[in-house]
file my_file-v1.txt (compact mmCIF, C-alpha atoms and all ligand atoms)
# COMPACT_ATOMS: atom_id res chain seq x y z
CA MET M 1447 107.57 100.09 124.50
CA VAL M 1448 110.42 97.69 123.73
CA VAL M 1449 111.62 98.45 120.22
CA TYR M 1450 113.67 95.98 118.26
CA GLU M 1451 116.20 98.12 116.38
CA HIS M 1452 117.71 95.62 113.93
CA ALA M 1453 119.58 97.17 110.97
CA GLY M 1454 117.09 99.04 108.77
CA VAL M 1455 114.22 98.45 111.18
CA LYS M 1456 114.40 101.85 112.87
CA GLU M 1457 114.43 103.67 109.50
CA ALA M 1458 111.42 101.72 108.22
CA ARG M 1459 109.48 102.30 111.43
CA GLU M 1460 110.24 106.02 111.45
CA GLU M 1461 109.45 106.48 107.76
CA PHE M 1462 106.09 104.76 108.25
CA SER M 1463 105.41 106.81 111.36
CA ARG M 1464 105.99 110.06 109.42
CA TRP M 1465 103.78 108.86 106.56
CA LEU M 1466 101.01 107.94 108.98
CA ALA M 1467 101.23 111.27 110.82
CA ASP M 1468 100.84 113.07 107.45
CA PHE M 1469 97.87 110.91 106.50
CA LEU M 1470 95.84 111.15 109.72
CA PRO M 1471 93.42 114.07 110.27
CA SER M 1472 94.75 116.67 112.74
CA ASP M 1473 92.02 115.89 115.31
CA TYR M 1474 92.54 112.09 115.06
CA ASP M 1475 93.77 111.61 118.65
CA GLU M 1476 91.16 113.88 120.14
CA ARG M 1477 88.26 112.23 118.29
CA PHE M 1478 89.69 108.72 118.10
CA HIS M 1479 86.55 107.09 119.48
CA GLN M 1480 84.52 108.40 116.51
CA TYR M 1481 87.24 107.83 113.91
CA ARG M 1482 87.58 104.20 115.05
CA TRP M 1483 84.24 103.39 113.37
CA ASP M 1484 84.55 105.85 110.48
CA ALA M 1485 84.22 103.64 107.39
CA LYS M 1486 85.26 106.46 105.03
CA LEU M 1487 88.54 107.16 106.85
CA ARG M 1488 89.30 103.43 107.16
CA ARG M 1489 88.70 102.92 103.44
CA GLU M 1490 90.86 105.93 102.53
CA TYR M 1491 93.60 104.65 104.83
CA GLN M 1492 93.61 101.21 103.17
CA LEU M 1493 93.87 102.72 99.67
CA ALA M 1494 96.54 105.25 100.67
CA ALA M 1495 98.57 102.54 102.45
CA PHE M 1496 98.23 100.31 99.37
CA ASP M 1497 99.43 103.07 97.04
CA SER M 1498 102.41 103.98 99.20
CA GLY M 1499 103.49 100.42 99.98
CA TRP M 1500 102.72 100.40 103.71
CA LEU M 1501 99.75 98.04 103.55
CA MET M 1502 101.68 94.78 103.07
CA PRO M 1503 105.22 96.15 103.59
CA GLU M 1504 107.06 92.90 102.81
CA TRP M 1505 105.20 92.35 99.52
CA PRO M 1506 106.17 93.90 96.15
CA PRO M 1507 104.88 97.40 95.19
CA GLU M 1508 102.18 96.06 92.84
CA LEU M 1509 100.69 94.21 95.85
CA GLY M 1510 100.68 97.16 98.25
CA GLY M 1511 104.21 96.65 99.56
CA LYS M 1512 107.75 97.97 99.51
CA GLY M 1513 109.68 94.69 99.54
CA LEU M 1514 110.79 95.29 103.16
CA THR M 1515 112.50 92.53 105.14
CA PRO M 1516 110.24 90.52 107.49
CA PHE M 1517 111.75 92.34 110.53
CA GLU M 1518 111.16 95.76 109.00
CA ALA M 1519 107.61 94.75 108.09
CA MET M 1520 106.95 93.56 111.65
CA ALA M 1521 108.28 96.84 113.07
CA VAL M 1522 105.88 98.72 110.76
CA ARG M 1523 102.95 96.53 111.90
CA ILE M 1524 103.80 97.08 115.56
CA GLU M 1525 104.09 100.84 114.93
CA ALA M 1526 100.69 100.81 113.16
CA ALA M 1527 99.14 98.92 116.08
CA SER M 1528 100.73 101.19 118.70
CA ARG M 1529 99.77 104.51 117.09
CA PRO M 1530 97.04 103.12 116.42
CA ALA M 1531 96.43 103.41 112.66
CA PRO M 1532 92.80 103.18 111.47
CA LYS M 1533 91.43 99.63 111.56
CA LEU M 1534 90.98 98.10 108.12
CA LEU M 1535 87.45 97.37 107.00
CA ASN M 1536 87.83 93.72 105.98
CA ILE M 1537 90.77 92.42 108.00
CA GLN M 1538 90.08 88.78 107.18
CA GLY M 1539 90.22 89.48 103.42
CA LEU M 1540 93.61 91.17 103.59
CA ASN M 1541 95.28 89.04 106.24
CA MET M 1542 93.80 85.60 105.59
CA VAL M 1543 92.29 85.39 102.10
CA ALA M 1544 94.97 87.35 100.21
CA ARG M 1545 97.67 85.18 101.77
CA ALA M 1546 95.72 81.98 101.01
CA LEU M 1547 95.27 83.11 97.39
CA ARG M 1548 99.02 83.68 97.02
CA ALA M 1549 99.82 80.31 98.57
CA HIS M 1550 97.08 78.11 97.07
CA GLY M 1551 95.28 80.05 94.32
CA THR M 1552 95.38 79.24 90.62
CA ALA M 1553 96.72 81.90 88.22
CA GLU M 1554 93.09 82.72 87.29
CA GLN M 1555 92.03 83.07 90.94
CA VAL M 1556 95.02 85.30 91.70
CA SER M 1557 94.27 87.54 88.73
CA LYS M 1558 90.54 87.70 89.53
CA TYR M 1559 90.69 88.30 93.30
CA LEU M 1560 94.10 89.21 94.69
CA ILE M 1561 94.45 92.97 94.06
CA GLY M 1562 90.77 93.67 94.79
CA THR M 1563 91.07 91.75 98.07
CA ILE M 1564 94.20 93.60 99.18
CA ARG M 1565 92.73 97.02 98.31
CA GLY M 1566 89.46 96.14 100.00
CA ASP M 1567 87.41 96.47 96.78
CA GLN M 1568 86.30 92.85 97.25
CA LEU M 1569 85.10 91.95 100.74
CA TRP M 1570 85.39 88.43 102.17
CA ALA M 1571 83.88 86.28 104.87
CA ILE M 1572 85.45 83.14 106.35
CA GLY M 1573 83.12 80.12 106.46
CA MET M 1574 84.60 77.71 108.96
CA SER M 1575 82.44 77.44 112.12
CA GLU M 1576 79.16 75.52 112.13
CA PRO M 1577 76.57 75.04 114.89
CA GLY M 1578 78.18 71.65 115.77
CA SER M 1579 81.79 72.36 114.70
CA GLY M 1580 83.76 75.20 116.21
CA SER M 1581 86.90 74.16 118.06
CA ASP M 1582 86.74 70.79 116.31
CA LEU M 1583 86.74 72.27 112.81
CA ALA M 1584 87.53 68.92 111.15
CA SER M 1585 84.08 67.63 112.16
CA LEU M 1586 82.30 70.11 109.84
CA THR M 1587 79.31 68.74 107.92
CA THR M 1588 78.44 71.33 105.23
CA THR M 1589 78.81 69.31 102.02
CA ALA M 1590 80.00 70.21 98.53
CA GLU M 1591 79.02 67.36 96.18
CA LEU M 1592 80.96 67.36 92.95
CA ASP M 1593 78.54 67.20 90.01
CA GLY M 1594 80.35 67.51 86.66
CA SER M 1595 82.03 70.91 86.63
CA SER M 1596 80.24 72.26 89.73
CA PHE M 1597 79.91 71.72 93.47
CA ILE M 1598 76.43 71.57 94.98
CA VAL M 1599 76.72 73.06 98.46
CA THR M 1600 74.31 72.28 101.29
CA GLY M 1601 74.61 73.02 105.00
CA GLN M 1602 75.01 75.85 107.50
CA LYS M 1603 77.77 78.09 108.83
CA ILE M 1604 77.55 80.32 111.90
CA TRP M 1605 79.47 83.25 113.47
CA THR M 1606 80.48 84.24 109.93
CA SER M 1607 81.76 87.79 110.51
CA ASP M 1608 80.51 90.38 108.02
CA ALA M 1609 78.95 87.85 105.63
CA HIS M 1610 76.00 90.24 105.16
CA ARG M 1611 78.22 92.76 103.37
CA ALA M 1612 80.85 90.42 101.90
CA ASP M 1613 81.13 89.62 98.20
CA TYR M 1614 82.81 86.24 98.66
CA CYS M 1615 83.43 83.58 101.25
CA THR M 1616 86.19 81.00 101.59
CA LEU M 1617 83.99 78.09 102.50
CA TYR M 1618 85.25 74.89 104.10
CA CYS M 1619 83.10 71.92 103.06
CA ARG M 1620 83.08 68.15 103.24
CA THR M 1621 83.86 66.77 99.78
CA ASP M 1622 84.54 63.14 100.76
CA ARG M 1623 82.73 61.37 103.61
CA GLU M 1624 84.75 58.16 103.28
CA ARG M 1625 88.13 59.69 104.16
CA PRO M 1626 89.32 60.48 107.72
CA LYS M 1627 87.53 63.69 108.71
CA HIS M 1628 90.31 66.24 108.14
CA ALA M 1629 91.28 64.57 104.82
CA GLY M 1630 87.80 64.92 103.29
CA ILE M 1631 87.52 68.72 103.42
CA SER M 1632 87.96 71.22 100.56
CA ALA M 1633 88.15 75.02 100.53
CA ILE M 1634 86.03 76.71 97.87
CA ILE M 1635 85.51 80.33 96.90
CA VAL M 1636 81.80 81.12 97.01
CA GLU M 1637 80.20 84.22 95.55
CA LEU M 1638 77.69 85.14 98.24
CA SER M 1639 75.05 86.41 95.79
CA THR M 1640 74.69 82.85 94.40
CA PRO M 1641 71.07 81.56 94.44
CA GLY M 1642 70.50 79.08 97.30
CA ILE M 1643 72.43 81.15 99.88
CA ASP M 1644 70.55 82.81 102.73
CA ILE M 1645 72.52 85.17 105.00
CA ARG M 1646 70.97 86.11 108.35
CA PRO M 1647 72.75 88.66 110.58
CA ILE M 1648 72.67 87.86 114.31
CA LYS M 1649 71.67 90.65 116.69
CA MET M 1650 74.75 91.79 118.62
CA ALA M 1651 75.17 93.05 122.18
CA SER M 1652 78.25 95.09 121.20
CA GLN M 1653 78.09 98.28 119.14
CA GLY M 1654 81.13 97.44 117.00
CA ASP M 1655 80.68 97.43 113.25
CA GLU M 1656 81.38 93.69 112.86
CA VAL M 1657 78.25 91.61 112.57
CA PHE M 1658 78.02 87.85 112.98
CA CYS M 1659 75.87 85.99 110.50
CA GLU M 1660 74.33 82.59 110.01
CA VAL M 1661 74.76 81.45 106.41
CA PHE M 1662 72.50 78.74 105.00
CA PHE M 1663 73.30 76.84 101.80
CA ASP M 1664 70.52 75.03 99.97
CA GLN M 1665 71.94 73.34 96.90
CA ALA M 1666 73.99 76.42 95.95
CA ILE M 1667 75.96 75.83 92.74
CA VAL M 1668 79.66 76.76 92.83
CA PRO M 1669 81.91 76.25 89.77
CA LEU M 1670 84.70 73.68 90.16
CA GLU M 1671 87.22 76.35 89.12
CA ASN M 1672 86.53 78.00 92.51
CA LEU M 1673 88.31 75.18 94.34
CA LEU M 1674 91.09 76.79 96.42
CA GLY M 1675 93.98 74.36 96.79
CA SER M 1676 93.46 70.71 95.89
CA LEU M 1677 90.30 68.61 96.12
CA ASN M 1678 90.18 67.30 99.73
CA GLY M 1679 93.18 69.51 100.49
CA GLY M 1680 91.13 72.09 102.42
CA TRP M 1681 92.72 71.20 105.77
CA GLU M 1682 96.06 72.53 104.55
CA VAL M 1683 94.40 75.79 103.46
CA ALA M 1684 92.58 76.00 106.82
CA LEU M 1685 95.75 75.45 108.87
CA ARG M 1686 97.57 78.15 106.96
CA SER M 1687 94.67 80.58 107.27
CA LEU M 1688 94.36 79.91 111.01
CA ARG M 1689 98.07 80.59 111.40
CA ASP M 1690 97.70 83.85 109.44
CA GLU M 1691 94.68 84.70 111.58
CA ARG M 1692 96.74 84.27 114.77
CA HIS M 1693 99.37 86.65 113.36
CA MET M 1694 96.66 89.18 112.53
CA ILE M 1695 95.00 88.79 115.94
CA TRP M 1696 98.02 89.48 118.09
CA THR M 1697 98.90 92.76 116.35
CA MET M 1698 95.20 93.73 116.35
CA ASN M 1699 95.09 92.96 120.09
CA LEU M 1700 98.25 94.99 120.58
CA SER M 1701 96.43 98.00 119.20
CA GLU M 1702 93.59 97.62 121.77
CA ILE M 1703 96.12 96.97 124.55
CA GLU M 1704 98.04 100.16 123.71
CA ARG M 1705 94.90 102.26 123.80
CA GLY M 1706 93.89 100.77 127.14
CA LEU M 1707 97.38 101.44 128.54
CA THR M 1708 97.28 105.07 127.33
CA ARG M 1709 93.95 105.60 129.06
CA LEU M 1710 95.27 103.95 132.22
CA ARG M 1711 98.37 106.16 132.26
CA GLU M 1712 96.19 109.27 131.95
CA LEU M 1713 93.82 108.09 134.66
CA LEU M 1714 96.57 107.06 137.08
CA ALA M 1715 98.86 110.07 136.52
CA GLY M 1716 100.03 111.27 139.92
CA GLU M 1717 98.99 108.01 141.62
CA ASP M 1718 101.34 106.53 144.25
CA PRO M 1719 103.57 104.12 142.21
CA SER M 1720 103.14 101.43 144.85
CA SER M 1721 99.32 101.57 144.76
CA HIS M 1722 97.39 98.52 143.58
CA PHE M 1723 96.35 100.07 140.25
CA ALA M 1724 99.83 101.47 139.48
CA LEU M 1725 101.38 98.03 140.11
CA GLU M 1726 98.77 96.32 137.94
CA LEU M 1727 99.43 98.84 135.18
CA ALA M 1728 103.17 98.06 135.41
CA ARG M 1729 102.35 94.34 135.08
CA CYS M 1730 100.31 95.00 131.92
CA VAL M 1731 103.12 97.11 130.43
CA ALA M 1732 105.67 94.35 131.14
CA LYS M 1733 103.39 91.79 129.50
CA ARG M 1734 102.91 94.07 126.49
CA ASP M 1735 106.69 94.29 126.06
CA ALA M 1736 107.05 90.52 126.48
CA LEU M 1737 104.37 90.12 123.80
CA CYS M 1738 106.28 92.23 121.24
CA LEU M 1739 109.55 90.45 121.96
CA THR M 1740 107.79 87.09 121.59
CA GLY M 1741 106.55 88.32 118.21
CA TYR M 1742 110.13 88.98 117.09
CA ARG M 1743 111.26 85.63 118.51
CA ALA M 1744 108.53 83.83 116.53
CA LEU M 1745 109.67 85.60 113.38
CA GLU M 1746 113.32 84.77 114.05
CA ARG M 1747 112.42 81.09 114.43
CA GLU M 1748 110.27 81.12 111.31
CA LEU M 1749 113.12 82.64 109.29
CA SER M 1750 115.52 80.03 110.57
CA GLY M 1751 113.30 77.24 109.28
CA THR M 1752 110.61 76.43 111.90
CA ALA M 1753 107.48 76.43 109.74
CA ASP M 1754 104.87 77.17 112.43
CA PRO M 1755 106.66 78.04 115.69
CA PRO M 1756 104.61 77.55 118.88
CA GLU M 1757 105.17 81.22 119.75
CA GLY M 1758 102.31 81.92 117.30
CA LEU M 1759 99.89 80.12 119.63
CA MET M 1760 101.34 81.92 122.65
CA LEU M 1761 100.98 85.32 120.96
CA LYS M 1762 97.31 84.63 120.29
CA LEU M 1763 96.69 83.37 123.83
CA ILE M 1764 98.64 86.02 125.77
CA SER M 1765 97.51 88.98 123.68
CA SER M 1766 93.82 87.98 123.90
CA GLU M 1767 93.98 87.67 127.68
CA LEU M 1768 95.98 90.90 128.00
CA VAL M 1769 93.33 92.89 126.09
CA GLN M 1770 90.72 91.72 128.59
CA GLN M 1771 93.04 92.36 131.53
CA THR M 1772 93.96 95.91 130.38
CA TRP M 1773 90.40 97.06 129.75
CA GLY M 1774 89.20 95.24 132.90
CA LEU M 1775 91.81 97.14 134.92
CA LEU M 1776 90.73 100.43 133.33
CA ARG M 1777 87.11 99.63 134.17
CA ASP M 1778 88.01 98.92 137.81
CA ALA M 1779 90.30 101.96 138.08
CA ALA M 1780 87.61 104.24 136.63
CA GLY M 1781 85.20 103.02 139.34
CA PRO M 1782 81.74 104.64 139.17
CA LEU M 1783 82.69 106.54 135.99
CA ALA M 1784 83.22 103.32 134.00
CA PRO M 1785 79.55 102.60 133.13
CA VAL M 1786 79.14 106.10 131.63
CA ASP M 1787 82.40 106.02 129.66
CA ALA M 1788 81.34 104.84 126.17
CA GLU M 1789 84.84 103.71 125.22
CA ILE M 1790 85.37 101.62 128.37
CA VAL M 1791 81.95 100.01 128.04
CA GLN M 1792 82.40 99.18 124.37
CA GLU M 1793 86.01 97.99 124.55
CA SER M 1794 85.35 95.81 127.61
CA ILE M 1795 82.54 94.07 125.73
CA GLU M 1796 84.53 93.78 122.47
CA ALA M 1797 87.48 92.29 124.39
CA LEU M 1798 85.35 89.33 125.49
CA GLY M 1799 85.49 87.83 121.97
CA ALA M 1800 89.30 87.86 121.87
CA THR M 1801 89.67 84.62 123.84
CA ILE M 1802 87.14 82.87 121.54
CA TYR M 1803 87.79 83.76 117.89
CA GLY M 1804 90.80 82.30 116.09
CA GLY M 1805 90.72 79.34 118.51
CA THR M 1806 89.67 79.62 122.16
CA SER M 1807 92.20 80.05 124.98
CA GLU M 1808 91.42 76.51 126.20
CA ILE M 1809 92.30 75.10 122.78
CA GLN M 1810 95.51 77.17 122.52
CA ARG M 1811 96.52 75.89 125.97
CA ASN M 1812 95.77 72.29 124.95
CA ILE M 1813 97.98 72.61 121.86
CA ILE M 1814 100.80 74.35 123.75
CA ALA M 1815 100.60 71.65 126.45
CA GLU M 1816 100.93 68.88 123.87
CA ARG M 1817 103.29 70.42 121.32
CA VAL M 1818 105.54 72.56 123.50
CA LEU M 1819 105.44 70.99 126.96
CA GLY M 1820 105.05 67.41 125.70
CA LEU M 1821 102.18 66.67 128.11
CA PRO M 1822 99.95 63.67 127.34
CA ARG M 1823 96.56 64.24 125.65
C1 LIG O 1901 84.20 87.90 117.39
C2 LIG O 1901 84.17 86.54 116.72
C3 LIG O 1901 84.28 86.46 115.34
C4 LIG O 1901 84.21 85.20 114.71
N1 LIG O 1901 84.28 85.17 113.33
C5 LIG O 1901 84.20 83.98 112.70
C6 LIG O 1901 84.23 83.94 111.27
O1 LIG O 1901 84.31 84.96 110.59
N2 LIG O 1901 84.14 82.73 110.68
C7 LIG O 1901 84.04 81.57 111.39
O2 LIG O 1901 84.00 80.51 110.78
N3 LIG O 1901 83.96 81.58 112.74
C8 LIG O 1901 84.04 82.75 113.42
N4 LIG O 1901 83.97 82.79 114.80
C9 LIG O 1901 83.70 81.55 115.52
C10 LIG O 1901 84.89 81.01 116.30
O3 LIG O 1901 85.88 80.52 115.42
C11 LIG O 1901 84.37 79.91 117.23
O4 LIG O 1901 83.50 80.54 118.17
C12 LIG O 1901 85.47 79.21 117.97
O5 LIG O 1901 86.23 78.43 117.09
C13 LIG O 1901 84.93 78.29 119.08
O6 LIG O 1901 83.95 77.43 118.57
P1 LIG O 1901 82.50 77.32 119.24
O7 LIG O 1901 81.94 78.70 119.45
O8 LIG O 1901 81.70 76.35 118.45
O9 LIG O 1901 82.77 76.73 120.70
P2 LIG O 1901 83.02 75.18 121.09
O10 LIG O 1901 84.04 74.59 120.21
O11 LIG O 1901 81.66 74.55 121.16
O12 LIG O 1901 83.60 75.38 122.53
C14 LIG O 1901 82.77 75.74 123.67
C15 LIG O 1901 83.69 75.82 124.88
O13 LIG O 1901 84.29 74.53 125.12
C16 LIG O 1901 85.71 74.65 125.14
N5 LIG O 1901 86.32 73.47 124.49
C17 LIG O 1901 85.96 72.92 123.31
N6 LIG O 1901 86.75 71.85 123.02
C18 LIG O 1901 87.62 71.75 124.06
C19 LIG O 1901 88.70 70.86 124.37
N7 LIG O 1901 89.05 69.87 123.54
N8 LIG O 1901 89.38 71.06 125.52
C20 LIG O 1901 89.07 72.09 126.38
N9 LIG O 1901 88.05 72.95 126.15
C21 LIG O 1901 87.34 72.78 125.01
C22 LIG O 1901 86.02 75.91 124.33
O14 LIG O 1901 87.26 76.46 124.72
C23 LIG O 1901 84.85 76.80 124.69
O15 LIG O 1901 85.08 77.44 125.93
C24 LIG O 1901 84.04 84.02 115.47
C25 LIG O 1901 83.94 84.10 116.87
C26 LIG O 1901 83.99 85.34 117.50
C27 LIG O 1901 83.86 85.40 119.00

call {"tool": "encode", "arguments": {"input": "my_file-v1.txt", "output": "structure tokens"}}
result
Amino acid sequence: MVVYEHAGVKEAREEFSRWLADFLPSDYDERFHQYRWDAKLRREYQLAAFDSGWLMPEWPPELGGKGLTPFEAMAVRIEAASRPAPKLLNIQGLNMVARALRAHGTAEQVSKYLIGTIRGDQLWAIGMSEPGSGSDLASLTTTAELDGSSFIVTGQKIWTSDAHRADYCTLYCRTDRERPKHAGISAIIVELSTPGIDIRPIKMASQGDEVFCEVFFDQAIVPLENLLGSLNGGWEVALRSLRDERHMIWTMNLSEIERGLTRLRELLAGEDPSSHFALELARCVAKRDALCLTGYRALERELSGTADPPEGLMLKLISSELVQQTWGLLRDAAGPLAPVDAEIVQESIEALGATIYGGTSEIQRNIIAERVLGLPR
């Protein structure tokens, strides 16, 4: 693994690594496949990481951090992904909602939701996609009509991960039909137990613990004070959250890639280095290293003033395709044993979603073509 040893980075990475080794049960590696879905361990990990400042390393101690520099924090995230540390239970709450609250929330919203969201005491869903609006998010039609001091919400969301067990949802709604489509959207915080909301889980082919839901709104009443950001300013909140989601996705993908590479190394130990599978493994390792270096390059550019560097799109695109490639290679290399290997079966299926959520690969390529390569629309 390419490690970026900037001043202080090595120390932070090693300190975290020691902390994590102390935290994890002694049979963690051996029984990883079971621990991966162990809600109790994942919850304990989130709370312990919050208390010791490793959860959001660049944030202040009261928000689960240690005030590390962005480079140190990235080294800690890459270390957590590579180990891999237990997966958090409500990744969208921590990585998308908590950041949106800090950037756009009122003082009341921050005090009501921020700590609970970071610790995982309050669980969140993200209500963007609709049956007719996925890639083209700005075309969404769920409406929030302002009526005095409340919004009346009507419409439908789909593919809403974990809505069935979430307490709240950041819901993107149309609040002005007269404006251009992206300028008539607002983000609102919706308590999912509100009357008029019907949440229907969708039966999944995968055995992962994330469940998609359809969420129906029939004149659900949401207080005006739950507006996140400005009225009709939801597009700004959405863009920021999608950027945060891409950051979350590439390190999450890195974790799956690392596990696939470890399995491949074990399986191919002793193999002729010039064999097809050994060469393909070397290609995956090189891409994994390029991915991490691109992550540092994106951060470098961000810190030198580029608000949303295009590397963020590339990280999402490349990491999503590399997860599929790594587990696909493992499946092929395992041959007839693959269908009876629970981990290979499950991870190969889970990997299919990576090129869809957070913006499909086709959409990332379109944006890179236009914004980076300057190709015509
Ligand atoms: C595991 C997972 C979790 C998810 N969780 C959530 C969630 O919590 N909340 C939420 O709101 N959504 C969630 N989604 C939904 C996800 O954001 C959408 O599936 C995604 O944005 C694509 O939208 P769509 O499914 O409507 O496909 P469409 O937009 O209908 O696209 C269908 C196909 O057409 C292609 N396409 C569309 N437009 C173009 C174009 N202009 N050029 C080239 N190709 C194009 C797409 O790439 C895709 O292959 C999740 C999805 C997955 C897989």

call {"tool": "atom_distance", "arguments": {"input": "my_file-v1.txt", "atom1": "CA of Leu1688 in chain M", "atom2": "CA of Ser1596 in chain M"}}
result
26.7 Å

call {"tool": "closest_residue", "arguments": {"input": "my_file-v1.txt", "among": "M:Ala1753, M:Met1542, M:Leu1745, M:Leu1592", "to": "ligand LIG 1901 (chain O)", "atoms": "all atoms listed in the file"}}
result
M:Met1542

call {"tool": "residues_near_ligand", "arguments": {"input": "my_file-v1.txt", "ligand": "ligand LIG 1901 (chain O)", "cutoff": "6 Å", "atoms": "all atoms listed in the file", "output": "compact mmCIF listing (two decimals) with C-alpha atoms, in the frame of the given file"}}
result
# COMPACT_ATOMS: atom_id res chain seq x y z
CA ALA M 1571 83.88 86.28 104.87
CA ILE M 1572 85.45 83.14 106.35
CA GLY M 1573 83.12 80.12 106.46
CA MET M 1574 84.60 77.71 108.96
CA SER M 1575 82.44 77.44 112.12
CA SER M 1579 81.79 72.36 114.70
CA GLY M 1580 83.76 75.20 116.21
CA SER M 1581 86.90 74.16 118.06
CA TRP M 1605 79.47 83.25 113.47
CA THR M 1606 80.48 84.24 109.93
CA SER M 1607 81.76 87.79 110.51
CA GLY M 1799 85.49 87.83 121.97
CA ILE M 1802 87.14 82.87 121.54
CA TYR M 1803 87.79 83.76 117.89
CA GLY M 1804 90.80 82.30 116.09
CA GLY M 1805 90.72 79.34 118.51
CA THR M 1806 89.67 79.62 122.16
CA GLU M 1808 91.42 76.51 126.20
CA ILE M 1809 92.30 75.10 122.78

call {"tool": "closest_residue", "arguments": {"input": "my_file-v1.txt", "among": "M:Glu1656, M:Gly1551, M:Gly1594, M:Ala1584", "to": "Pro1626 in chain M", "atoms": "all atoms listed in the file"}}
result
M:Ala1584

call {"tool": "closest_atom_pairs", "arguments": {"input": "my_file-v1.txt", "of": "range 1510-1582 of chain M", "to": "range 1724-1740 of chain M", "cutoff": "10 Å", "atoms": "all atoms listed in the file", "output": "JSON lines"}}
result
{"residue": "M:Met1520", "atom": "CA", "partner": "M:Cys1738", "partner_atom": "CA", "distance": 9.7}
{"residue": "M:Ala1521", "atom": "CA", "partner": "M:Cys1738", "partner_atom": "CA", "distance": 9.6}
{"residue": "M:Ile1524", "atom": "CA", "partner": "M:Cys1738", "partner_atom": "CA", "distance": 7.9}

call {"tool": "atom_distance", "arguments": {"input": "my_file-v1.txt", "atom1": "CA of His1628 in chain M", "atom2": "CA of Ile1645 in chain M"}}
result
26.2 Å

call {"tool": "residues_around", "arguments": {"input": "my_file-v1.txt", "residues": "Leu1560 in chain M", "least_positions_apart": "2", "cutoff": "12 Å", "atoms": "only C-alpha atoms", "output": "NGL selection string"}}
result
:M and (1508-1510 or 1539-1558 or 1562-1570)

call {"tool": "closest_residue", "arguments": {"input": "my_file-v1.txt", "among": "M:Arg1623, M:His1722, M:Trp1696, M:Pro1785", "to": "Glu1767 in chain M", "atoms": "only C-alpha atoms"}}
result
M:Trp1696

call {"tool": "closest_atom_pairs", "arguments": {"input": "my_file-v1.txt", "of": "range 1511-1600 of chain M", "to": "range 1495-1504 of chain M", "cutoff": "8 Å", "atoms": "all atoms listed in the file", "output": "tab-separated table"}}
result
residue	atom	partner	partner_atom	distance
M:Gly1511	CA	M:Gly1499	CA	3.9
M:Lys1512	CA	M:Gly1499	CA	4.9
M:Gly1513	CA	M:Glu1504	CA	4.6
M:Leu1514	CA	M:Glu1504	CA	4.4
M:Thr1515	CA	M:Glu1504	CA	5.9
M:Pro1516	CA	M:Glu1504	CA	6.1
M:Glu1518	CA	M:Glu1504	CA	8.0
M:Ala1519	CA	M:Pro1503	CA	5.3
M:Val1522	CA	M:Pro1503	CA	7.6
M:Ile1564	CA	M:Phe1496	CA	7.8
M:Arg1565	CA	M:Phe1496	CA	6.5

call {"tool": "write_last_selection", "arguments": {"input": "my_file-v1.txt", "atoms": "C-alpha atoms", "output": "short mmCIF file (atom, residue, chain, number, x, y, z; two decimals), keeping the file's coordinate frame"}}
result
data_model
loop_
_atom_site.label_atom_id
_atom_site.label_comp_id
_atom_site.auth_asym_id
_atom_site.auth_seq_id
_atom_site.Cartn_x
_atom_site.Cartn_y
_atom_site.Cartn_z
CA GLY M 1511 104.21 96.65 99.56
CA LYS M 1512 107.75 97.97 99.51
CA GLY M 1513 109.68 94.69 99.54
CA LEU M 1514 110.79 95.29 103.16
CA THR M 1515 112.50 92.53 105.14
CA PRO M 1516 110.24 90.52 107.49
CA GLU M 1518 111.16 95.76 109.00
CA ALA M 1519 107.61 94.75 108.09
CA VAL M 1522 105.88 98.72 110.76
CA ILE M 1564 94.20 93.60 99.18
CA ARG M 1565 92.73 97.02 98.31
#

call {"tool": "closest_residue", "arguments": {"input": "my_file-v1.txt", "among": "M:Cys1659, M:Arg1692, M:Glu1702, M:Leu1493", "to": "Ala1744 in chain M", "atoms": "only C-alpha atoms"}}
result
M:Arg1692

call {"tool": "decode", "arguments": {"input": "my_file-v1.txt", "residues": "range 1805-1812 of chain M", "atoms": "N, CA and C atoms", "output": "PDB file, in the first residue's frame"}}
result
ATOM      1  N   GLY M1805     -24.495   8.442  -7.627  1.00  0.00           N
ATOM      2  CA  GLY M1805     -24.293   8.882  -9.018  1.00  0.00           C
ATOM      3  C   GLY M1805     -23.683   7.744  -9.819  1.00  0.00           C
ATOM      4  N   THR M1806     -24.366   7.332 -10.883  1.00  0.00           N
ATOM      5  CA  THR M1806     -23.899   6.161 -11.649  1.00  0.00           C
ATOM      6  C   THR M1806     -22.574   6.466 -12.360  1.00  0.00           C
ATOM      7  N   SER M1807     -21.886   5.397 -12.787  1.00  0.00           N
ATOM      8  CA  SER M1807     -20.610   5.579 -13.499  1.00  0.00           C
ATOM      9  C   SER M1807     -20.818   6.381 -14.785  1.00  0.00           C
ATOM     10  N   GLU M1808     -21.952   6.149 -15.464  1.00  0.00           N
ATOM     11  CA  GLU M1808     -22.197   6.899 -16.719  1.00  0.00           C
ATOM     12  C   GLU M1808     -22.270   8.396 -16.414  1.00  0.00           C
ATOM     13  N   ILE M1809     -22.938   8.737 -15.322  1.00  0.00           N
ATOM     14  CA  ILE M1809     -23.087  10.163 -14.977  1.00  0.00           C
ATOM     15  C   ILE M1809     -21.736  10.751 -14.565  1.00  0.00           C
ATOM     16  N   GLN M1810     -20.945   9.992 -13.782  1.00  0.00           N
ATOM     17  CA  GLN M1810     -19.614  10.509 -13.390  1.00  0.00           C
ATOM     18  C   GLN M1810     -18.779  10.754 -14.654  1.00  0.00           C
ATOM     19  N   ARG M1811     -18.859   9.804 -15.601  1.00  0.00           N
ATOM     20  CA  ARG M1811     -18.073   9.968 -16.848  1.00  0.00           C
ATOM     21  C   ARG M1811     -18.554  11.189 -17.634  1.00  0.00           C
ATOM     22  N   ASN M1812     -19.869  11.393 -17.676  1.00  0.00           N
ATOM     23  CA  ASN M1812     -20.398  12.583 -18.385  1.00  0.00           C
ATOM     24  C   ASN M1812     -19.822  13.857 -17.772  1.00  0.00           C
TER      25      ASN M1812
END
